[in-house]
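Enquirer: Here's a structure for you.
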Amino acid sequence: MRWYASAIYVFLYLPIALIVIYSFNAGRYAMDWQGFSVEWYFKAFANPFAMKALRTSLVVALWTAVLATIIGTLAALGLERVRGWLRQAFDVLIYVAIMVPGVVIGIATLIAFVTVFEVVNPVIFAVFGDAVPRLSMGLPTVIGAHVLFNLAVVILIVRSRLAGLDRSLIEASEDLYATPLGTFRQVVLPLLAPAILASFLLAFTFSFEDFIIAFFVAGPDSTLPIYIFSSIRRGITPEVNAIGTVVLVVSLTLLIAAQFLLRERGPAKRRGDTA
């Protein structure tokens, strides 16, 4: 069984390890080792097209993480008070949003945006003429699609944290005549902070590395995964390996940080364990 598990891990992670190793290749071809060198990292960071795509991905990921975290946290707090069949219906919709393949979300959001643009753009032209630009695919559509995709993840993480909260702390705050807003700000929000920050990091990671959804709705803009896809169509070079390694390191760092935050338990819960 151990050999079987080891073979699975080798099959999964050996290609990733090869990308990292050959990103330090001094040769001009991806899999032709000519010695150790970091020149391709300098060339990647000196590539204006790669840097523009990187900035685009960072902007999209940051806005996606902020919006998805805010909306998802508020939705989780609202759903916590819902009971009965309505709660079950919302749970089904949340899980379905996670289970739906990215290509389906990409096609669906593309059709939705195109339909909205066909209705709204004639109205904008009739009212403002050429003074106001028409709605089109670009960064806002990528951000909107990524927020839609990450909302379910944020809701599930925050709700799992809400389910583990010590309700006696909230009741004690209410007994001390704290307002609902004061209870939320001084009691609930600090206890939810690790889950909220972990949700932010996960949403940022998923948006930063997404290719499928962005490919459908990016329009003329290019995120870093789209740039990498366009580059490998002309042949894989150590520069592509270097960019992939940087993306891998960033994604793993954020995922490890999110996992660490999710495993952290609040001080109130630790006191309850020792009581």
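The chains in the structure tokens are called A, B, ... from first to last as shown; in each chain the residues are counted from 1, and the ligands are counted from 1 in the order shown.
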Based on the backbone DSSP call, show me all residues of region 8-143 of chain A assigned alpha helix (DSSP H), as an NGL selection string.

Expert: :A and (8-22 or 39-46 or 48-79 or 85-99 or 102-128 or 139-143)

Enquirer: Kindly assemble as CSV a list of the region 150-231 of chain A residues that lie within 12 Å of region 52-57 of chain A, each paired with its nearest atom pair and their distance in Å to one decimal, using only C-alpha atoms, sorted first by chain and then by ascending residue number.

Expert:
residue,atom,partner,partner_atom,distance
A:Phe204,CA,A:Ser57,CA,9.7
A:Thr205,CA,A:Ser57,CA,10.3
A:Phe206,CA,A:Ser57,CA,10.9
A:Ser207,CA,A:Ser57,CA,7.9
A:Phe208,CA,A:Ser57,CA,5.6
A:Glu209,CA,A:Ser57,CA,8.2
A:Asp210,CA,A:Ser57,CA,9.2
A:Phe211,CA,A:Ser57,CA,10.4
A:Ala214,CA,A:Ser57,CA,9.9
A:Ala218,CA,A:Thr56,CA,10.5
A:Pro220,CA,A:Ala53,CA,11.5
A:Asp221,CA,A:Thr56,CA,7.9
A:Ser222,CA,A:Ala53,CA,5.6
A:Thr223,CA,A:Ala53,CA,4.7
A:Leu224,CA,A:Ala53,CA,4.6
A:Pro225,CA,A:Ala53,CA,8.3
A:Ile226,CA,A:Ala53,CA,8.2
A:Tyr227,CA,A:Ala53,CA,6.6
A:Ile228,CA,A:Ala53,CA,9.3
A:Phe229,CA,A:Ala53,CA,11.7
A:Ser230,CA,A:Ala53,CA,11.5
A:Ser231,CA,A:Ala53,CA,12.0

Enquirer: Go ahead and write the selection's residues with N, CA and C atoms as a PDB file, in the first residue's frame.

Expert:
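The resulting file, out_26.pdb, is shown below:
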ATOM      1  N   PHE A 204      -7.857  34.804  -3.531  1.00  0.00           N
ATOM      2  CA  PHE A 204      -6.759  35.408  -4.289  1.00  0.00           C
ATOM      3  C   PHE A 204      -6.009  34.349  -5.091  1.00  0.00           C
ATOM      4  N   THR A 205      -5.728  33.213  -4.452  1.00  0.00           N
ATOM      5  CA  THR A 205      -4.992  32.144  -5.126  1.00  0.00           C
ATOM      6  C   THR A 205      -5.771  31.574  -6.297  1.00  0.00           C
ATOM      7  N   PHE A 206      -7.040  31.252  -6.081  1.00  0.00           N
ATOM      8  CA  PHE A 206      -7.855  30.665  -7.145  1.00  0.00           C
ATOM      9  C   PHE A 206      -8.015  31.619  -8.315  1.00  0.00           C
ATOM     10  N   SER A 207      -8.141  32.911  -8.028  1.00  0.00           N
ATOM     11  CA  SER A 207      -8.277  33.884  -9.104  1.00  0.00           C
ATOM     12  C   SER A 207      -6.958  34.086  -9.838  1.00  0.00           C
ATOM     13  N   PHE A 208      -5.863  34.130  -9.094  1.00  0.00           N
ATOM     14  CA  PHE A 208      -4.553  34.393  -9.685  1.00  0.00           C
ATOM     15  C   PHE A 208      -4.144  33.290 -10.656  1.00  0.00           C
ATOM     16  N   GLU A 209      -4.471  32.049 -10.336  1.00  0.00           N
ATOM     17  CA  GLU A 209      -4.017  30.937 -11.162  1.00  0.00           C
ATOM     18  C   GLU A 209      -5.076  30.428 -12.139  1.00  0.00           C
ATOM     19  N   ASP A 210      -6.246  31.049 -12.156  1.00  0.00           N
ATOM     20  CA  ASP A 210      -7.313  30.554 -13.037  1.00  0.00           C
ATOM     21  C   ASP A 210      -7.005  30.873 -14.497  1.00  0.00           C
ATOM     22  N   PHE A 211      -7.258  29.895 -15.336  1.00  0.00           N
ATOM     23  CA  PHE A 211      -7.110  30.073 -16.783  1.00  0.00           C
ATOM     24  C   PHE A 211      -8.427  29.900 -17.525  1.00  0.00           C
ATOM     25  N   ALA A 214     -11.102  32.780 -17.070  1.00  0.00           N
ATOM     26  CA  ALA A 214     -10.561  34.024 -17.624  1.00  0.00           C
ATOM     27  C   ALA A 214     -10.430  33.954 -19.137  1.00  0.00           C
ATOM     28  N   ALA A 218     -12.027  37.281 -20.710  1.00  0.00           N
ATOM     29  CA  ALA A 218     -10.987  38.303 -20.596  1.00  0.00           C
ATOM     30  C   ALA A 218     -11.016  39.309 -21.731  1.00  0.00           C
ATOM     31  N   PRO A 220      -9.811  41.423 -24.716  1.00  0.00           N
ATOM     32  CA  PRO A 220      -8.463  41.752 -25.209  1.00  0.00           C
ATOM     33  C   PRO A 220      -7.406  41.700 -24.120  1.00  0.00           C
ATOM     34  N   ASP A 221      -7.788  41.688 -22.857  1.00  0.00           N
ATOM     35  CA  ASP A 221      -6.822  41.645 -21.761  1.00  0.00           C
ATOM     36  C   ASP A 221      -6.271  40.238 -21.597  1.00  0.00           C
ATOM     37  N   SER A 222      -5.086  40.166 -21.034  1.00  0.00           N
ATOM     38  CA  SER A 222      -4.413  38.881 -20.879  1.00  0.00           C
ATOM     39  C   SER A 222      -3.903  38.748 -19.454  1.00  0.00           C
ATOM     40  N   THR A 223      -4.382  37.724 -18.752  1.00  0.00           N
ATOM     41  CA  THR A 223      -3.838  37.414 -17.438  1.00  0.00           C
ATOM     42  C   THR A 223      -2.589  36.553 -17.599  1.00  0.00           C
ATOM     43  N   LEU A 224      -1.895  36.319 -16.501  1.00  0.00           N
ATOM     44  CA  LEU A 224      -0.656  35.551 -16.583  1.00  0.00           C
ATOM     45  C   LEU A 224      -0.894  34.111 -17.064  1.00  0.00           C
ATOM     46  N   PRO A 225      -1.882  33.381 -16.576  1.00  0.00           N
ATOM     47  CA  PRO A 225      -2.130  32.043 -17.133  1.00  0.00           C
ATOM     48  C   PRO A 225      -2.442  32.071 -18.624  1.00  0.00           C
ATOM     49  N   ILE A 226      -3.187  33.089 -19.093  1.00  0.00           N
ATOM     50  CA  ILE A 226      -3.467  33.187 -20.524  1.00  0.00           C
ATOM     51  C   ILE A 226      -2.180  33.459 -21.294  1.00  0.00           C
ATOM     52  N   TYR A 227      -1.309  34.307 -20.753  1.00  0.00           N
ATOM     53  CA  TYR A 227      -0.026  34.580 -21.419  1.00  0.00           C
ATOM     54  C   TYR A 227       0.816  33.313 -21.499  1.00  0.00           C
ATOM     55  N   ILE A 228       0.835  32.530 -20.414  1.00  0.00           N
ATOM     56  CA  ILE A 228       1.609  31.279 -20.428  1.00  0.00           C
ATOM     57  C   ILE A 228       1.053  30.327 -21.480  1.00  0.00           C
ATOM     58  N   PHE A 229      -0.270  30.229 -21.566  1.00  0.00           N
ATOM     59  CA  PHE A 229      -0.879  29.355 -22.569  1.00  0.00           C
ATOM     60  C   PHE A 229      -0.508  29.809 -23.982  1.00  0.00           C
ATOM     61  N   SER A 230      -0.531  31.113 -24.205  1.00  0.00           N
ATOM     62  CA  SER A 230      -0.158  31.625 -25.537  1.00  0.00           C
ATOM     63  C   SER A 230       1.314  31.357 -25.833  1.00  0.00           C
ATOM     64  N   SER A 231       2.151  31.409 -24.796  1.00  0.00           N
ATOM     65  CA  SER A 231       3.594  31.202 -24.993  1.00  0.00           C
ATOM     66  C   SER A 231       3.916  29.757 -25.328  1.00  0.00           C
TER      67      SER A 231
END

Enquirer: Which one is closest to Ile105 (chain A): A:Trp33, A:Trp63, A:Trp3, A:Phe149? Count only C-alpha atoms.

Expert: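 For Ile105 (chain A), the nearest of the given residues is A:Phe149.
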
Enquirer: As a PyMOL selection string, please: the residues near region 68-85 of chain A (cut-off 10 Å, only C-alpha atoms, same-chain neighbours under 4 positions excluded).

Expert: chain A and resi 62-64+89-91+143-144+146-163+192+195-204

Enquirer: Kindly save the residues from that selection, with N, CA and C atoms included, as an mmCIF file, in the first residue's frame.

Expert:
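Saved file part14.cif follows:
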data_model
loop_
_atom_site.group_PDB
_atom_site.id
_atom_site.type_symbol
_atom_site.label_atom_id
_atom_site.label_comp_id
_atom_site.auth_asym_id
_atom_site.auth_seq_id
_atom_site.Cartn_x
_atom_site.Cartn_y
_atom_site.Cartn_z
ATOM 1 N N LEU A 62 -6.656 40.567 -6.618
ATOM 2 C CA LEU A 62 -6.880 41.398 -5.437
ATOM 3 C C LEU A 62 -8.336 41.852 -5.346
ATOM 4 N N TRP A 63 -8.877 42.369 -6.448
ATOM 5 C CA TRP A 63 -10.270 42.800 -6.439
ATOM 6 C C TRP A 63 -11.205 41.623 -6.208
ATOM 7 N N THR A 64 -10.897 40.489 -6.802
ATOM 8 C CA THR A 64 -11.725 39.299 -6.609
ATOM 9 C C THR A 64 -11.728 38.874 -5.147
ATOM 10 N N ALA A 89 -32.094 24.613 0.405
ATOM 11 C CA ALA A 89 -32.003 25.057 -0.987
ATOM 12 C C ALA A 89 -30.740 25.872 -1.224
ATOM 13 N N PHE A 90 -30.422 26.781 -0.298
ATOM 14 C CA PHE A 90 -29.201 27.570 -0.433
ATOM 15 C C PHE A 90 -27.964 26.673 -0.337
ATOM 16 N N ASP A 91 -27.995 25.672 0.540
ATOM 17 C CA ASP A 91 -26.852 24.756 0.661
ATOM 18 C C ASP A 91 -26.611 24.011 -0.650
ATOM 19 N N ILE A 143 -13.151 39.885 -13.265
ATOM 20 C CA ILE A 143 -13.356 40.015 -11.825
ATOM 21 C C ILE A 143 -14.738 39.516 -11.432
ATOM 22 N N GLY A 144 -15.763 39.898 -12.209
ATOM 23 C CA GLY A 144 -17.113 39.440 -11.902
ATOM 24 C C GLY A 144 -17.248 37.927 -11.958
ATOM 25 N N HIS A 146 -14.811 35.698 -11.582
ATOM 26 C CA HIS A 146 -14.023 35.105 -10.502
ATOM 27 C C HIS A 146 -14.716 35.272 -9.152
ATOM 28 N N VAL A 147 -15.365 36.420 -8.938
ATOM 29 C CA VAL A 147 -16.115 36.613 -7.697
ATOM 30 C C VAL A 147 -17.238 35.588 -7.609
ATOM 31 N N LEU A 148 -17.934 35.383 -8.704
ATOM 32 C CA LEU A 148 -19.013 34.390 -8.730
ATOM 33 C C LEU A 148 -18.484 33.008 -8.399
ATOM 34 N N PHE A 149 -17.319 32.660 -8.905
ATOM 35 C CA PHE A 149 -16.746 31.340 -8.664
ATOM 36 C C PHE A 149 -16.283 31.176 -7.219
ATOM 37 N N ASN A 150 -15.726 32.238 -6.618
ATOM 38 C CA ASN A 150 -15.136 32.133 -5.281
ATOM 39 C C ASN A 150 -16.121 32.374 -4.149
ATOM 40 N N LEU A 151 -17.296 32.879 -4.457
ATOM 41 C CA LEU A 151 -18.270 33.158 -3.397
ATOM 42 C C LEU A 151 -18.609 31.903 -2.595
ATOM 43 N N ALA A 152 -18.838 30.804 -3.294
ATOM 44 C CA ALA A 152 -19.213 29.575 -2.601
ATOM 45 C C ALA A 152 -18.113 29.111 -1.661
ATOM 46 N N VAL A 153 -16.863 29.247 -2.073
ATOM 47 C CA VAL A 153 -15.741 28.837 -1.217
ATOM 48 C C VAL A 153 -15.704 29.678 0.053
ATOM 49 N N VAL A 154 -15.855 30.990 -0.095
ATOM 50 C CA VAL A 154 -15.828 31.881 1.065
ATOM 51 C C VAL A 154 -16.988 31.575 2.007
ATOM 52 N N ILE A 155 -18.171 31.369 1.457
ATOM 53 C CA ILE A 155 -19.342 31.092 2.294
ATOM 54 C C ILE A 155 -19.126 29.826 3.114
ATOM 55 N N LEU A 156 -18.624 28.777 2.497
ATOM 56 C CA LEU A 156 -18.425 27.519 3.216
ATOM 57 C C LEU A 156 -17.381 27.657 4.317
ATOM 58 N N ILE A 157 -16.298 28.363 4.054
ATOM 59 C CA ILE A 157 -15.246 28.509 5.065
ATOM 60 C C ILE A 157 -15.749 29.324 6.251
ATOM 61 N N VAL A 158 -16.399 30.455 5.980
ATOM 62 C CA VAL A 158 -16.887 31.310 7.064
ATOM 63 C C VAL A 158 -17.999 30.613 7.841
ATOM 64 N N ARG A 159 -18.863 29.895 7.151
ATOM 65 C CA ARG A 159 -19.935 29.190 7.851
ATOM 66 C C ARG A 159 -19.405 28.080 8.745
ATOM 67 N N SER A 160 -18.353 27.400 8.307
ATOM 68 C CA SER A 160 -17.763 26.368 9.162
ATOM 69 C C SER A 160 -17.180 26.974 10.430
ATOM 70 N N ARG A 161 -16.632 28.176 10.317
ATOM 71 C CA ARG A 161 -16.119 28.870 11.495
ATOM 72 C C ARG A 161 -17.266 29.334 12.388
ATOM 73 N N LEU A 162 -18.348 29.807 11.775
ATOM 74 C CA LEU A 162 -19.513 30.228 12.550
ATOM 75 C C LEU A 162 -20.105 29.065 13.339
ATOM 76 N N ALA A 163 -20.123 27.888 12.730
ATOM 77 C CA ALA A 163 -20.695 26.727 13.413
ATOM 78 C C ALA A 163 -19.904 26.342 14.656
ATOM 79 N N LEU A 192 -14.081 35.400 13.853
ATOM 80 C CA LEU A 192 -14.148 34.993 12.451
ATOM 81 C C LEU A 192 -12.923 35.416 11.652
ATOM 82 N N ALA A 195 -10.812 32.786 9.659
ATOM 83 C CA ALA A 195 -11.534 32.220 8.512
ATOM 84 C C ALA A 195 -11.686 33.245 7.396
ATOM 85 N N ILE A 196 -11.926 34.494 7.762
ATOM 86 C CA ILE A 196 -12.068 35.536 6.749
ATOM 87 C C ILE A 196 -10.759 35.747 6.010
ATOM 88 N N LEU A 197 -9.650 35.808 6.753
ATOM 89 C CA LEU A 197 -8.342 35.986 6.111
ATOM 90 C C LEU A 197 -7.982 34.774 5.260
ATOM 91 N N ALA A 198 -8.296 33.572 5.745
ATOM 92 C CA ALA A 198 -8.039 32.371 4.946
ATOM 93 C C ALA A 198 -8.877 32.381 3.667
ATOM 94 N N SER A 199 -10.115 32.824 3.766
ATOM 95 C CA SER A 199 -10.967 32.931 2.574
ATOM 96 C C SER A 199 -10.389 33.923 1.582
ATOM 97 N N PHE A 200 -9.880 35.037 2.090
ATOM 98 C CA PHE A 200 -9.254 36.039 1.222
ATOM 99 C C PHE A 200 -8.062 35.439 0.480
ATOM 100 N N LEU A 201 -7.210 34.707 1.191
ATOM 101 C CA LEU A 201 -6.020 34.118 0.563
ATOM 102 C C LEU A 201 -6.402 33.067 -0.472
ATOM 103 N N LEU A 202 -7.400 32.239 -0.157
ATOM 104 C CA LEU A 202 -7.827 31.215 -1.109
ATOM 105 C C LEU A 202 -8.458 31.840 -2.346
ATOM 106 N N ALA A 203 -9.294 32.855 -2.146
ATOM 107 C CA ALA A 203 -9.911 33.529 -3.291
ATOM 108 C C ALA A 203 -8.846 34.191 -4.163
ATOM 109 N N PHE A 204 -7.857 34.804 -3.531
ATOM 110 C CA PHE A 204 -6.759 35.408 -4.289
ATOM 111 C C PHE A 204 -6.009 34.349 -5.091
#

Enquirer: In Å to one decimal, how far is CA of Ser251 (chain A) from CA of Val96 (chain A)?

Expert: 24.6 Å

Enquirer: Excluding Leu135 (chain A) and residues on its chain fewer than 6 positions from it, collect all residues at most 10 Å away from it, counting only C-alpha atoms, and give them as a list of chain:residue names.

Expert: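 Listed by chain and then number, they are A:Phe113, A:Val114, A:Val116, A:Phe117, A:Glu118, A:Val120, A:Asn121, A:Ile124, A:Thr141.
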
Enquirer: Export N, CA and C atoms of the chosen residues as a short mmCIF file (atom, residue, chain, number, x, y, z; two decimals), in the first residue's frame?

Expert:
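Contents of part_28.cif, freshly written:
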data_model
loop_
_atom_site.label_atom_id
_atom_site.label_comp_id
_atom_site.auth_asym_id
_atom_site.auth_seq_id
_atom_site.Cartn_x
_atom_site.Cartn_y
_atom_site.Cartn_z
N PHE A 113 -22.79 37.77 -19.91
CA PHE A 113 -22.25 39.11 -20.18
C PHE A 113 -22.65 39.59 -21.58
N VAL A 114 -22.54 38.71 -22.56
CA VAL A 114 -22.90 39.11 -23.92
C VAL A 114 -24.38 39.50 -24.00
N VAL A 116 -26.28 40.67 -21.55
CA VAL A 116 -26.46 41.94 -20.86
C VAL A 116 -25.95 43.10 -21.71
N PHE A 117 -24.79 42.90 -22.35
CA PHE A 117 -24.22 43.97 -23.18
C PHE A 117 -25.13 44.30 -24.36
N GLU A 118 -25.75 43.28 -24.95
CA GLU A 118 -26.64 43.51 -26.08
C GLU A 118 -27.87 44.32 -25.69
N VAL A 120 -27.90 46.47 -22.77
CA VAL A 120 -27.52 47.73 -22.12
C VAL A 120 -26.83 48.68 -23.10
N ASN A 121 -25.97 48.18 -23.98
CA ASN A 121 -25.21 49.06 -24.87
C ASN A 121 -26.08 49.94 -25.77
N ILE A 124 -27.26 52.77 -23.59
CA ILE A 124 -26.19 53.73 -23.32
C ILE A 124 -25.96 54.63 -24.53
N THR A 141 -15.17 42.08 -16.34
CA THR A 141 -15.87 40.81 -16.55
C THR A 141 -15.10 39.65 -15.94
#

Enquirer: CA of Ile256 (chain A) to CA of Ile243 (chain A): how many Å, to one decimal?

Expert: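 Rounded to one decimal, the two atoms are 20.1 Å apart.
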